[in-house]
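Engineer: What follows is a structure written as structure tokens; I'll ask about it next.
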Amino acid sequence: MPKPNLPTTPRSAAAQPFHPGQPRLVAPTTWALLAGAWLVAGLFIAFGGAWLAAPLGPGVAAGAFVLLFATILAASFGVVHEADHLAQQLGEPYGTLVLTLSIVSIEVILIASVLLGPGDSSAIGRDSIFAVMMIIMNLVIGICLVAGSARHGDQEYNAQGATAYLGMIALLTGTALVLPNHLGGAGAFSTPQALGMAALTAGLYAAFLWLQMRSHRRYFIQPAAGSMAVPATAPLPAPQASEALPGTGRRAVLVRSLVLLALVLPIVLLAHYLAIVTDYGIAAAGAPAAVGGVLIAIIVFTPESITAVRAARANEMQRAINLCLGAFVSTVGLTVPAVLLIGVATGQRMAMGLSGTEVVLLVLTVALSMLSFNGQRSSPIQGLMHLTLFAVFGLVLFLP
């Protein structure tokens with residue numbers, strides 16, 4: 001007797017049996033990373049106060065720094081891994097936005113831990129934002145332009161989205177990092193000014209996100225081959241889950257979101273201890289204070305930078321731009337209000353104004369980026385210019 005036809009609707013991830021070789025919803029390596037991160041966090045919560053108590057020796061400080069740096073960096077990679085899966089499931093630009101906000105939230109956590117820790121760290125927000133700008137907009141974008149062109153030639157992207165990002169970057173960095181030098185507050189906002197700037201920056205960023213996800217989503221989607229924009233009359237693709245991912249659906253999104261949160265929490269718990277050993281190391285080595293901001297930028301944006309370069313090499317230049325330029329817009333849009341509000345709450349005057357040399361580098365970076373994404377296809381020549389400008393930043397950082 002022939003068997004009746006069975007429904008073809010796929011079963012939920014919970015009902016599907018696991019077969020050898022089938023990818024798991026949460027990989028064993030992720031569980032191992034979670035266990036390791038929480039183990040280190042538990043050890044420092046229990047014994048960190050005694051280990052890092054003054055006087056702190058160089059051996060203990062070096063060992064603690066290596067362990068903390070490695071754990072936080074590994075957890076950041078885990079956050080990016082889970083957020084990247086969510087990005088593929090949610091579609092553009094929602095997915096990239098989840099990835100970017102996950103990373104920037106880690107940066108805000110690290111900066112806040114330094115600001116609320118011992119010592120004078122009023123410039124850490126400014127230094128971190130500027131370091132992120134140099135790393136993302138020169139080093140990473142330069143690598144993306146060169147690596148993508150080497151594999152696919154000159155690449156197409158959505159010029160309207162790039163222009164929107166660059167306009168936000170020019171406005172937010174100019175008002176947050178250059179304007180304070182001309183307000184009579186020695187590079188810092190007064191309390192009323194800080195509250196006003198925090199509100200304006202957060203409000204503009206929220207409006208930008210709303211437009212990015214709603215009426216102007218087409219600005220941030222890869223255009224059709226041969227085009228540099230998505231026409232206003234063109235139907236937008238609906239976000240689709242990648243078939244390569246196991247358990248696509250609401251359950252998968254929920255599980256990955258919980259795993260992402262579980263990886264962020266150890267970073268929150270360990271950030272304070274990393275700030276202690278970083279301050280000790282910078283003081284002991286006689287390094288510039290701005291190195292602290294560079295370390296935060298490296299920890300936070302290394303995983304996302306790798307994702308952006310992979311996107312460029314996969315001929316997804318728009319996704320690389322969304323990750324790079326979008327990450328920096330989010331950095332300024334979230335970090336500036338957080339830093340200013342922490343300063344108001346703690347009674348600190350946050351040093352926001354850049355030095356003359358840094359202002360020159362900022363202007364060169366914004367101008368070069370506008371020329372690199374001026375509506376033409378990407379060019380490796382521009383990529384080499386960005387890499388050279390990053391080398392100049394490194395030179396003046398350590399040889400001022």
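Residue numbering restarts at 1 in every chain; chains get A, B, ... in the order shown in the structure tokens, and ligands count up from 1 in that same order.
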Need the shell around Val104 (chain A): protein/DNA/RNA residues with any atom at most 12 Å away, counting only C-alpha atoms. Skip same-chain ones fewer than 3 positions apart. Format as a PyMOL selection string?

Structural biologist: chain A and resi 76+79-80+97-101+107-111+128-129+132+264+296-297+299-301+303-304+323-324+326-336+338

Engineer: When you look at Ala289 (chain A) with a cut-off of 12 Å (counting only C-alpha atoms), what residues show up, excluding the ones that are within fewer than 2 positions of it in the same chain? I need them as an mmCIF file with N, CA and C atoms, in the first residue's frame.

Structural biologist:
data_model
loop_
_atom_site.group_PDB
_atom_site.id
_atom_site.type_symbol
_atom_site.label_atom_id
_atom_site.label_comp_id
_atom_site.auth_asym_id
_atom_site.auth_seq_id
_atom_site.Cartn_x
_atom_site.Cartn_y
_atom_site.Cartn_z
ATOM 1 N N ASP A 120 43.018 59.735 36.394
ATOM 2 C CA ASP A 120 42.431 60.714 35.492
ATOM 3 C C ASP A 120 42.361 60.112 34.092
ATOM 4 N N SER A 121 41.159 59.832 33.648
ATOM 5 C CA SER A 121 40.974 59.225 32.328
ATOM 6 C C SER A 121 39.966 60.025 31.504
ATOM 7 N N SER A 122 39.941 61.327 31.717
ATOM 8 C CA SER A 122 38.927 62.160 31.077
ATOM 9 C C SER A 122 39.068 62.207 29.562
ATOM 10 N N ALA A 123 40.229 61.811 29.026
ATOM 11 C CA ALA A 123 40.446 61.881 27.579
ATOM 12 C C ALA A 123 40.244 60.543 26.886
ATOM 13 N N ILE A 124 39.880 59.483 27.620
ATOM 14 C CA ILE A 124 39.822 58.150 27.017
ATOM 15 C C ILE A 124 38.734 58.065 25.951
ATOM 16 N N GLY A 125 37.610 58.756 26.147
ATOM 17 C CA GLY A 125 36.550 58.733 25.139
ATOM 18 C C GLY A 125 37.022 59.352 23.839
ATOM 19 N N ARG A 126 37.623 60.535 23.931
ATOM 20 C CA ARG A 126 38.153 61.196 22.734
ATOM 21 C C ARG A 126 39.207 60.338 22.053
ATOM 22 N N ASP A 127 40.149 59.806 22.834
ATOM 23 C CA ASP A 127 41.236 59.005 22.251
ATOM 24 C C ASP A 127 40.701 57.745 21.586
ATOM 25 N N SER A 128 39.702 57.119 22.188
ATOM 26 C CA SER A 128 39.137 55.900 21.608
ATOM 27 C C SER A 128 38.406 56.193 20.308
ATOM 28 N N ALA A 131 40.991 56.926 17.652
ATOM 29 C CA ALA A 131 41.700 55.707 17.251
ATOM 30 C C ALA A 131 40.815 54.827 16.378
ATOM 31 N N THR A 278 46.041 48.244 32.216
ATOM 32 C CA THR A 278 46.402 49.087 31.071
ATOM 33 C C THR A 278 46.987 50.407 31.546
ATOM 34 N N ASP A 279 46.345 51.034 32.519
ATOM 35 C CA ASP A 279 46.880 52.282 33.070
ATOM 36 C C ASP A 279 48.274 52.064 33.652
ATOM 37 N N TYR A 280 48.459 50.955 34.360
ATOM 38 C CA TYR A 280 49.784 50.649 34.939
ATOM 39 C C TYR A 280 50.820 50.477 33.827
ATOM 40 N N GLY A 281 50.469 49.726 32.781
ATOM 41 C CA GLY A 281 51.424 49.470 31.705
ATOM 42 C C GLY A 281 51.799 50.725 30.946
ATOM 43 N N ILE A 282 50.817 51.588 30.669
ATOM 44 C CA ILE A 282 51.114 52.825 29.941
ATOM 45 C C ILE A 282 52.031 53.724 30.768
ATOM 46 N N ALA A 283 51.745 53.826 32.069
ATOM 47 C CA ALA A 283 52.578 54.649 32.943
ATOM 48 C C ALA A 283 53.987 54.068 33.077
ATOM 49 N N ALA A 284 54.081 52.738 33.234
ATOM 50 C CA ALA A 284 55.395 52.110 33.403
ATOM 51 C C ALA A 284 56.241 52.205 32.140
ATOM 52 N N ALA A 285 55.628 52.116 30.978
ATOM 53 C CA ALA A 285 56.365 52.165 29.724
ATOM 54 C C ALA A 285 56.598 53.578 29.234
ATOM 55 N N GLY A 286 55.970 54.549 29.863
ATOM 56 C CA GLY A 286 56.100 55.931 29.406
ATOM 57 C C GLY A 286 55.480 56.160 28.037
ATOM 58 N N ALA A 287 54.482 55.335 27.681
ATOM 59 C CA ALA A 287 53.835 55.449 26.378
ATOM 60 C C ALA A 287 52.833 56.599 26.383
ATOM 61 N N VAL A 291 47.527 55.684 23.759
ATOM 62 C CA VAL A 291 47.661 54.252 23.485
ATOM 63 C C VAL A 291 46.507 53.470 24.114
ATOM 64 N N GLY A 292 45.983 53.952 25.234
ATOM 65 C CA GLY A 292 44.841 53.292 25.861
ATOM 66 C C GLY A 292 43.639 53.257 24.928
ATOM 67 N N GLY A 293 43.403 54.359 24.245
ATOM 68 C CA GLY A 293 42.305 54.392 23.279
ATOM 69 C C GLY A 293 42.546 53.460 22.106
ATOM 70 N N VAL A 294 43.803 53.366 21.674
ATOM 71 C CA VAL A 294 44.136 52.464 20.570
ATOM 72 C C VAL A 294 43.899 51.016 20.976
ATOM 73 N N LEU A 295 44.259 50.655 22.220
ATOM 74 C CA LEU A 295 44.044 49.288 22.693
ATOM 75 C C LEU A 295 42.557 48.940 22.709
ATOM 76 N N LEU A 397 51.821 59.139 16.346
ATOM 77 C CA LEU A 397 51.396 58.690 17.674
ATOM 78 C C LEU A 397 52.604 58.392 18.533
ATOM 79 N N PHE A 398 53.589 57.676 17.992
ATOM 80 C CA PHE A 398 54.739 57.262 18.773
ATOM 81 C C PHE A 398 55.943 58.180 18.596
#

Engineer: Kindly indicate which residue among A:Ile221, A:Leu139, A:Met350, A:Leu260 lies nearest to Asp84 (chain A), using only C-alpha atoms for the distances.

Structural biologist: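 The closest residue to Asp84 (chain A) is A:Leu260.
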
Engineer: What is the CA of Leu172 (chain A) to CA of Gln376 (chain A) distance in Å?

Structural biologist: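 Straight-line distance from CA of Leu172 (chain A) to CA of Gln376 (chain A) works out to 24.7 Å.
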
Engineer: Excluding region 159-168 of chain A and any residue of its chain fewer than 5 positions from it, enumerate the residues within 6 Å of it, using only C-alpha atoms, and give them as an MDAnalysis selection string.

Structural biologist: chainID A and resid 219:220 228 375
